[in-house]
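Just input.pdb here, PDB, C-alpha atoms:
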```pdb
ATOM      1  CA  MET A   1     111.785 111.277 109.424  1.00  0.00           C
ATOM      2  CA  ALA A   2     108.732 109.147 108.628  1.00  0.00           C
ATOM      3  CA  ARG A   3     109.153 106.595 105.889  1.00  0.00           C
ATOM      4  CA  SER A   4     106.698 106.254 103.038  1.00  0.00           C
ATOM      5  CA  LYS A   5     104.716 103.053 102.802  1.00  0.00           C
ATOM      6  CA  ILE A   6     105.904 101.155  99.762  1.00  0.00           C
ATOM      7  CA  ASP A   7     103.245  98.946  98.174  1.00  0.00           C
ATOM      8  CA  TYR A   8     104.759  98.586  94.692  1.00  0.00           C
ATOM      9  CA  GLY A   9     107.782  96.762  93.383  1.00  0.00           C
ATOM     10  CA  ILE A  10     109.219  97.269  89.928  1.00  0.00           C
ATOM     11  CA  ASP A  11     111.484  94.967  87.982  1.00  0.00           C
ATOM     12  CA  LEU A  12     113.192  97.460  85.695  1.00  0.00           C
ATOM     13  CA  GLY A  13     114.661  94.819  83.446  1.00  0.00           C
ATOM     14  CA  THR A  14     117.172  94.930  80.637  1.00  0.00           C
ATOM     15  CA  THR A  15     114.840  92.986  78.347  1.00  0.00           C
ATOM     16  CA  ASN A  16     111.418  93.134  80.046  1.00  0.00           C
ATOM     17  CA  SER A  17     109.942  95.124  82.920  1.00  0.00           C
ATOM     18  CA  ALA A  18     107.024  94.613  85.290  1.00  0.00           C
ATOM     19  CA  ILE A  19     105.234  96.197  88.239  1.00  0.00           C
ATOM     20  CA  SER A  20     103.574  94.414  91.122  1.00  0.00           C
ATOM     21  CA  ARG A  21     101.735  95.330  94.296  1.00  0.00           C
ATOM     22  CA  MET A  22     101.585  93.666  97.677  1.00  0.00           C
ATOM     23  CA  GLN A  23      97.957  92.731  98.415  1.00  0.00           C
ATOM     24  CA  ASN A  24      97.060  90.714 101.512  1.00  0.00           C
ATOM     25  CA  GLY A  25     100.669  89.582 101.864  1.00  0.00           C
ATOM     26  CA  GLU A  26     101.029  88.413  98.262  1.00  0.00           C
ATOM     27  CA  ALA A  27     102.697  90.051  95.293  1.00  0.00           C
ATOM     28  CA  VAL A  28     100.170  90.634  92.509  1.00  0.00           C
ATOM     29  CA  ILE A  29     101.521  91.549  89.080  1.00  0.00           C
ATOM     30  CA  GLN A  30      99.760  94.495  87.468  1.00  0.00           C
ATOM     31  CA  LYS A  31      98.809  93.776  83.864  1.00  0.00           C
ATOM     32  CA  THR A  32     100.199  95.978  81.102  1.00  0.00           C
ATOM     33  CA  ASP A  33      98.117  97.833  78.550  1.00  0.00           C
ATOM     34  CA  THR A  34      98.225  94.662  76.416  1.00  0.00           C
ATOM     35  CA  GLN A  35      97.114  92.510  79.400  1.00  0.00           C
ATOM     36  CA  LYS A  36     100.528  90.870  79.810  1.00  0.00           C
ATOM     37  CA  ASP A  37     102.521  90.434  83.007  1.00  0.00           C
ATOM     38  CA  THR A  38     105.619  92.080  81.514  1.00  0.00           C
ATOM     39  CA  MET A  39     106.389  94.584  78.810  1.00  0.00           C
ATOM     40  CA  PRO A  40     109.491  94.858  76.655  1.00  0.00           C
ATOM     41  CA  SER A  41     111.986  97.399  78.005  1.00  0.00           C
ATOM     42  CA  CYS A  42     111.933  99.237  74.714  1.00  0.00           C
ATOM     43  CA  ILE A  43     111.321 102.862  73.684  1.00  0.00           C
ATOM     44  CA  SER A  44     110.721 104.183  70.173  1.00  0.00           C
ATOM     45  CA  PHE A  45     109.978 107.537  68.566  1.00  0.00           C
ATOM     46  CA  ASN A  46     108.059 108.056  65.337  1.00  0.00           C
ATOM     47  CA  LYS A  47     108.207 110.767  62.661  1.00  0.00           C
ATOM     48  CA  LYS A  48     105.362 112.647  64.363  1.00  0.00           C
ATOM     49  CA  GLN A  49     107.621 112.903  67.434  1.00  0.00           C
ATOM     50  CA  ALA A  50     105.435 110.606  69.508  1.00  0.00           C
ATOM     51  CA  MET A  51     106.967 108.101  71.886  1.00  0.00           C
ATOM     52  CA  SER A  52     105.968 104.435  72.196  1.00  0.00           C
ATOM     53  CA  VAL A  53     106.916 102.211  75.107  1.00  0.00           C
ATOM     54  CA  GLY A  54     106.687  98.449  75.480  1.00  0.00           C
ATOM     55  CA  ASP A  55     105.169  96.120  72.897  1.00  0.00           C
ATOM     56  CA  SER A  56     104.516  98.751  70.226  1.00  0.00           C
ATOM     57  CA  ALA A  57     108.070 100.080  70.608  1.00  0.00           C
ATOM     58  CA  TYR A  58     109.440  96.549  70.342  1.00  0.00           C
ATOM     59  CA  ASN A  59     107.499  96.001  67.108  1.00  0.00           C
ATOM     60  CA  THR A  60     108.986  99.239  65.782  1.00  0.00           C
ATOM     61  CA  LEU A  61     112.450  97.997  66.752  1.00  0.00           C
ATOM     62  CA  GLY A  62     112.063  95.026  64.427  1.00  0.00           C
ATOM     63  CA  SER A  63     111.010  97.126  61.451  1.00  0.00           C
ATOM     64  CA  ASP A  64     113.701  99.694  62.294  1.00  0.00           C
ATOM     65  CA  ARG A  65     116.393  96.988  62.135  1.00  0.00           C
ATOM     66  CA  LEU A  66     115.016  95.716  58.828  1.00  0.00           C
ATOM     67  CA  LYS A  67     115.090  99.235  57.319  1.00  0.00           C
ATOM     68  CA  ARG A  68     118.712  99.676  58.397  1.00  0.00           C
ATOM     69  CA  MET A  69     119.646  96.378  56.735  1.00  0.00           C
ATOM     70  CA  LEU A  70     117.956  97.407  53.495  1.00  0.00           C
ATOM     71  CA  LYS A  71     119.272 100.989  53.580  1.00  0.00           C
ATOM     72  CA  PRO A  72     122.549 100.989  55.551  1.00  0.00           C
ATOM     73  CA  GLU A  73     123.291 104.551  54.417  1.00  0.00           C
ATOM     74  CA  GLU A  74     120.415 105.678  56.632  1.00  0.00           C
ATOM     75  CA  ASN A  75     122.197 104.563  59.778  1.00  0.00           C
ATOM     76  CA  SER A  76     119.837 106.110  62.285  1.00  0.00           C
ATOM     77  CA  THR A  77     117.639 104.370  64.764  1.00  0.00           C
ATOM     78  CA  ASN A  78     114.597 105.538  66.637  1.00  0.00           C
ATOM     79  CA  ALA A  79     113.968 102.448  68.748  1.00  0.00           C
ATOM     80  CA  PHE A  80     116.100 101.601  71.762  1.00  0.00           C
ATOM     81  CA  ILE A  81     116.476  98.497  73.906  1.00  0.00           C
ATOM     82  CA  GLU A  82     118.952  97.255  76.516  1.00  0.00           C
ATOM     83  CA  PHE A  83     119.854 100.803  77.559  1.00  0.00           C
ATOM     84  CA  LYS A  84     119.853  99.620  81.168  1.00  0.00           C
ATOM     85  CA  ARG A  85     123.283  98.132  80.447  1.00  0.00           C
ATOM     86  CA  THR A  86     124.710 101.646  80.097  1.00  0.00           C
ATOM     87  CA  MET A  87     123.154 103.144  83.240  1.00  0.00           C
ATOM     88  CA  GLY A  88     125.615 105.402  85.037  1.00  0.00           C
ATOM     89  CA  SER A  89     127.720 106.026  81.932  1.00  0.00           C
ATOM     90  CA  ASP A  90     127.852 108.941  79.514  1.00  0.00           C
ATOM     91  CA  LYS A  91     126.422 106.831  76.668  1.00  0.00           C
ATOM     92  CA  SER A  92     123.572 108.551  74.877  1.00  0.00           C
ATOM     93  CA  TYR A  93     120.994 107.402  72.342  1.00  0.00           C
ATOM     94  CA  PHE A  94     120.240 109.689  69.411  1.00  0.00           C
ATOM     95  CA  SER A  95     116.772 109.744  67.905  1.00  0.00           C
ATOM     96  CA  SER A  96     116.703 111.300  64.437  1.00  0.00           C
ATOM     97  CA  HIS A  97     112.920 111.752  64.686  1.00  0.00           C
ATOM     98  CA  MET A  98     113.268 113.779  67.870  1.00  0.00           C
ATOM     99  CA  ASP A  99     116.617 115.336  66.858  1.00  0.00           C
ATOM    100  CA  LYS A 100     117.712 114.740  70.421  1.00  0.00           C
ATOM    101  CA  GLU A 101     119.990 112.509  72.478  1.00  0.00           C
ATOM    102  CA  TYR A 102     118.606 110.561  75.430  1.00  0.00           C
ATOM    103  CA  SER A 103     120.530 109.186  78.378  1.00  0.00           C
ATOM    104  CA  SER A 104     119.913 105.738  79.818  1.00  0.00           C
ATOM    105  CA  GLU A 105     118.318 107.434  82.820  1.00  0.00           C
ATOM    106  CA  GLU A 106     115.858 109.359  80.637  1.00  0.00           C
ATOM    107  CA  LEU A 107     114.839 106.241  78.706  1.00  0.00           C
ATOM    108  CA  SER A 108     114.524 104.227  81.926  1.00  0.00           C
ATOM    109  CA  ALA A 109     112.381 107.007  83.409  1.00  0.00           C
ATOM    110  CA  GLU A 110     109.967 106.624  80.491  1.00  0.00           C
ATOM    111  CA  LEU A 111     109.725 102.888  81.222  1.00  0.00           C
ATOM    112  CA  LEU A 112     109.007 103.639  84.878  1.00  0.00           C
ATOM    113  CA  LYS A 113     106.345 106.228  83.952  1.00  0.00           C
ATOM    114  CA  THR A 114     104.655 103.697  81.703  1.00  0.00           C
ATOM    115  CA  LEU A 115     104.702 101.034  84.407  1.00  0.00           C
ATOM    116  CA  LYS A 116     103.145 103.554  86.817  1.00  0.00           C
ATOM    117  CA  SER A 117     100.390 104.233  84.294  1.00  0.00           C
ATOM    118  CA  PHE A 118      99.162 100.624  84.622  1.00  0.00           C
ATOM    119  CA  VAL A 119      98.036 101.392  88.170  1.00  0.00           C
ATOM    120  CA  ASP A 120      94.866 103.329  88.959  1.00  0.00           C
ATOM    121  CA  GLU A 121      96.340 105.273  91.855  1.00  0.00           C
ATOM    122  CA  SER A 122      99.169 107.672  92.552  1.00  0.00           C
ATOM    123  CA  ILE A 123     102.415 105.882  93.375  1.00  0.00           C
ATOM    124  CA  PRO A 124     104.801 108.140  95.313  1.00  0.00           C
ATOM    125  CA  SER A 125     107.154 105.315  96.376  1.00  0.00           C
ATOM    126  CA  ALA A 126     108.430 102.047  94.954  1.00  0.00           C
ATOM    127  CA  ILE A 127     111.102  99.419  95.276  1.00  0.00           C
ATOM    128  CA  VAL A 128     113.104  98.984  92.067  1.00  0.00           C
ATOM    129  CA  THR A 129     115.283  95.934  91.517  1.00  0.00           C
ATOM    130  CA  VAL A 130     118.827  96.251  90.203  1.00  0.00           C
ATOM    131  CA  PRO A 131     121.397  93.619  89.222  1.00  0.00           C
ATOM    132  CA  ALA A 132     123.703  92.486  92.026  1.00  0.00           C
ATOM    133  CA  LYS A 133     126.666  93.626  89.959  1.00  0.00           C
ATOM    134  CA  PHE A 134     125.467  97.239  89.588  1.00  0.00           C
ATOM    135  CA  THR A 135     128.070  99.777  90.687  1.00  0.00           C
ATOM    136  CA  SER A 136     127.364 102.850  92.796  1.00  0.00           C
ATOM    137  CA  ASN A 137     127.163 104.946  89.595  1.00  0.00           C
ATOM    138  CA  GLN A 138     124.595 102.590  88.109  1.00  0.00           C
ATOM    139  CA  LYS A 139     122.530 102.565  91.302  1.00  0.00           C
ATOM    140  CA  ASP A 140     122.635 106.376  91.457  1.00  0.00           C
ATOM    141  CA  ALA A 141     121.521 106.513  87.807  1.00  0.00           C
ATOM    142  CA  THR A 142     118.601 104.200  88.617  1.00  0.00           C
ATOM    143  CA  LEU A 143     117.574 106.486  91.473  1.00  0.00           C
ATOM    144  CA  ARG A 144     117.773 109.491  89.092  1.00  0.00           C
ATOM    145  CA  ALA A 145     115.543 107.637  86.612  1.00  0.00           C
ATOM    146  CA  ALA A 146     113.016 106.984  89.388  1.00  0.00           C
ATOM    147  CA  SER A 147     113.089 110.656  90.337  1.00  0.00           C
ATOM    148  CA  LEU A 148     112.582 111.687  86.693  1.00  0.00           C
ATOM    149  CA  ALA A 149     109.614 109.299  86.582  1.00  0.00           C
ATOM    150  CA  GLY A 150     108.003 111.123  89.492  1.00  0.00           C
ATOM    151  CA  PHE A 151     108.812 108.874  92.427  1.00  0.00           C
ATOM    152  CA  SER A 152     109.420 110.911  95.576  1.00  0.00           C
ATOM    153  CA  HIS A 153     110.933 107.880  97.318  1.00  0.00           C
ATOM    154  CA  CYS A 154     112.664 104.868  95.783  1.00  0.00           C
ATOM    155  CA  GLU A 155     114.435 101.946  97.431  1.00  0.00           C
ATOM    156  CA  LEU A 156     116.757  99.721  95.413  1.00  0.00           C
ATOM    157  CA  LEU A 157     116.856  95.974  95.960  1.00  0.00           C
ATOM    158  CA  GLN A 158     119.317  93.592  94.345  1.00  0.00           C
ATOM    159  CA  GLU A 159     117.600  91.127  92.022  1.00  0.00           C
ATOM    160  CA  PRO A 160     118.962  87.941  93.672  1.00  0.00           C
ATOM    161  CA  ILE A 161     117.740  89.161  97.060  1.00  0.00           C
ATOM    162  CA  ALA A 162     114.329  89.990  95.598  1.00  0.00           C
ATOM    163  CA  ALA A 163     114.151  86.499  94.079  1.00  0.00           C
ATOM    164  CA  ALA A 164     115.116  84.860  97.377  1.00  0.00           C
ATOM    165  CA  MET A 165     112.539  86.949  99.224  1.00  0.00           C
ATOM    166  CA  ALA A 166     109.840  86.066  96.694  1.00  0.00           C
ATOM    167  CA  TYR A 167     110.638  82.387  97.056  1.00  0.00           C
ATOM    168  CA  GLY A 168     110.630  82.671 100.842  1.00  0.00           C
ATOM    169  CA  LEU A 169     107.261  84.410 100.839  1.00  0.00           C
ATOM    170  CA  THR A 170     105.631  81.743  98.727  1.00  0.00           C
ATOM    171  CA  SER A 171     107.411  78.634  99.959  1.00  0.00           C
ATOM    172  CA  SER A 172     105.205  76.265 101.913  1.00  0.00           C
ATOM    173  CA  ASN A 173     108.207  74.107 102.821  1.00  0.00           C
ATOM    174  CA  VAL A 174     109.644  75.721 105.953  1.00  0.00           C
ATOM    175  CA  ASP A 175     111.844  72.741 106.862  1.00  0.00           C
ATOM    176  CA  GLY A 176     115.149  72.217 105.147  1.00  0.00           C
ATOM    177  CA  TYR A 177     118.027  74.316 103.917  1.00  0.00           C
ATOM    178  CA  MET A 178     118.168  77.181 101.454  1.00  0.00           C
ATOM    179  CA  LEU A 179     121.343  78.478  99.845  1.00  0.00           C
ATOM    180  CA  VAL A 180     121.387  81.905  98.234  1.00  0.00           C
ATOM    181  CA  LEU A 181     124.377  82.503  95.971  1.00  0.00           C
ATOM    182  CA  ILE A 182     124.329  86.266  95.673  1.00  0.00           C
ATOM    183  CA  LEU A 183     128.069  86.921  95.937  1.00  0.00           C
ATOM    184  CA  ALA A 184     128.987  83.921  93.801  1.00  0.00           C
ATOM    185  CA  ALA A 185     126.660  85.039  90.998  1.00  0.00           C
ATOM    186  CA  ALA A 186     128.134  88.549  91.065  1.00  0.00           C
ATOM    187  CA  LEU A 187     131.680  87.200  90.938  1.00  0.00           C
ATOM    188  CA  LEU A 188     130.900  84.816  88.075  1.00  0.00           C
ATOM    189  CA  MET A 189     129.568  87.700  85.978  1.00  0.00           C
ATOM    190  CA  GLN A 190     132.894  89.609  86.152  1.00  0.00           C
TER     191      GLN A 190
END
```
I need this file expressed as structure tokens, please.
Amino acid sequence: MARSKIDYGIDLGTTNSAISRMQNGEAVIQKTDTQKDTMPSCISFNKKQAMSVGDSAYNTLGSDRLKRMLKPEENSTNAFIEFKRTMGSDKSYFSSHMDKEYSSEELSAELLKTLKSFVDESIPSAIVTVPAKFTSNQKDATLRAASLAGFSHCELLQEPIAAAMAYGLTSSNVDGYMLVLILAAALLMQ
């Protein structure tokens, strides 16, 4: 079976997300629609049943929280953040504007679709980073999100390994020692 060439890497972050491409041996971050390197990992829905992703959704999140403080009886939210933490679980997020529940995978898929939209070409394959502590269920959920976003092939890479690789690719100092604490970081988080 022939493997797809993977030119794009995605940091599907809990707080912020980004997409980059390998060009001439260097990772080049693709700018978002607001010309930033990263976008907030946030999704919101408005009364007209339109979805916002990124900065505009994050702005909605702030006003949504303020409305809930002023009117606690209207305890509904239509802006979601940090849903990556519940990947692989049965947790759902109800949007009163959409009158629908969304899984973490569905919300993550919308983030991935938006990141793909910042690129001028079709992206069939990508590498997506995941925390070192992610369980098999969480990794499977991330792969489902990538599939929902339209990726025909997705490879997962643990974030500490991605960071070590990025440092190794850009380091001009080839002499010396490097210590990567992947296991220790995962154990400390438990």
Q: Would you translate the PyMOL selection byres ((chain A and resi 85) around 9) into the concrete set of residues it matches in this file, as number ranges by chain?
A: A: 14, 82-84, 86-88, 104, 138
Q: Name the residues that the PyMOL selection byres ((chain A and resi 78) around 9) picks from the file above, as a list in words, using the file's chain letters and numbers.
A: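 Output of the PyMOL selection byres ((chain A and resi 78) around 9): Ile43, Ser44, Phe45, Asn46, Thr60, Leu61, Asp64, Ser76, Thr77, Ala79, Phe80, Tyr93, Phe94, Ser95, Ser96, His97 and Met98 of chain A.
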Q: On this file, the PyMOL selection byres ((chain A and resi 125) around 7) gives some set of residues; write that set as a list in words.
A: Ser4, Ile6, Ile123, Pro124, Ala126, Phe151, Ser152, His153 and Cys154 of chain A
Q.
If I take CA of Asp33 in chain A and CA of Thr129 in chain A, how far is one from the other in Å, to one decimal?
A. 21.6 Å
Q. Please, what distance in Å, to one decimal, runs between CA of Asp37 in chain A and CA of Ala50 in chain A?
A.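 CA of Asp37 in chain A sits 24.4 Å away from CA of Ala50 in chain A.
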(Q) Between CA of Tyr58 in chain A and CA of Thr38 in chain A, what is the distance in Å, rounded to a tenth? (A)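 If I compute the distance from CA of Tyr58 in chain A to CA of Thr38 in chain A, I get 12.6 Å.
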Which residues come within 10 Å of Leu115 in chain A, counting only C-alpha atoms, excluding same-chain residues fewer than 3 positions away, as a PDB file with C-alpha atoms, in the coordinates of the input?
```pdb
ATOM      1  CA  ILE A  10     109.219  97.269  89.928  1.00  0.00           C
ATOM      2  CA  ASP A  11     111.484  94.967  87.982  1.00  0.00           C
ATOM      3  CA  LEU A  12     113.192  97.460  85.695  1.00  0.00           C
ATOM      4  CA  SER A  17     109.942  95.124  82.920  1.00  0.00           C
ATOM      5  CA  ALA A  18     107.024  94.613  85.290  1.00  0.00           C
ATOM      6  CA  ILE A  19     105.234  96.197  88.239  1.00  0.00           C
ATOM      7  CA  SER A  20     103.574  94.414  91.122  1.00  0.00           C
ATOM      8  CA  GLN A  30      99.760  94.495  87.468  1.00  0.00           C
ATOM      9  CA  LYS A  31      98.809  93.776  83.864  1.00  0.00           C
ATOM     10  CA  THR A  32     100.199  95.978  81.102  1.00  0.00           C
ATOM     11  CA  ASP A  33      98.117  97.833  78.550  1.00  0.00           C
ATOM     12  CA  THR A  38     105.619  92.080  81.514  1.00  0.00           C
ATOM     13  CA  MET A  39     106.389  94.584  78.810  1.00  0.00           C
ATOM     14  CA  VAL A  53     106.916 102.211  75.107  1.00  0.00           C
ATOM     15  CA  GLY A  54     106.687  98.449  75.480  1.00  0.00           C
ATOM     16  CA  ALA A 109     112.381 107.007  83.409  1.00  0.00           C
ATOM     17  CA  GLU A 110     109.967 106.624  80.491  1.00  0.00           C
ATOM     18  CA  LEU A 111     109.725 102.888  81.222  1.00  0.00           C
ATOM     19  CA  LEU A 112     109.007 103.639  84.878  1.00  0.00           C
ATOM     20  CA  PHE A 118      99.162 100.624  84.622  1.00  0.00           C
ATOM     21  CA  VAL A 119      98.036 101.392  88.170  1.00  0.00           C
ATOM     22  CA  ALA A 149     109.614 109.299  86.582  1.00  0.00           C
TER      23      ALA A 149
END
```
Can you report as AutoDock Vina command-line options the centre and edge lengths in Å, to one decimal, of an axis-aligned box around the listed atoms of range 66-85 of chain A padded with 8 Å on each side?
```
--center_x 118.6 --center_y 100.9 --center_z 67.3 --size_x 25.3 --size_y 26.4 --size_z 43.7
```
Q: Compute the distance from (104.3, 95.3, 98.1) to each atom, counting all atoms listed in the file, keep the residues with any atom at most 9 Å away, and return them as number ranges by chain; use the coordinates of the file.
A: A: 6-9, 20-23, 25-28, 126-127
Q) Do you know which residues lie at most 12 Å from (123.0, 106.5, 85.7), with coordinates as in the file and all atoms listed in the file counted, and could you write them as an MDAnalysis selection string? A) chainID A and resid 83:92 102:109 130 134:148
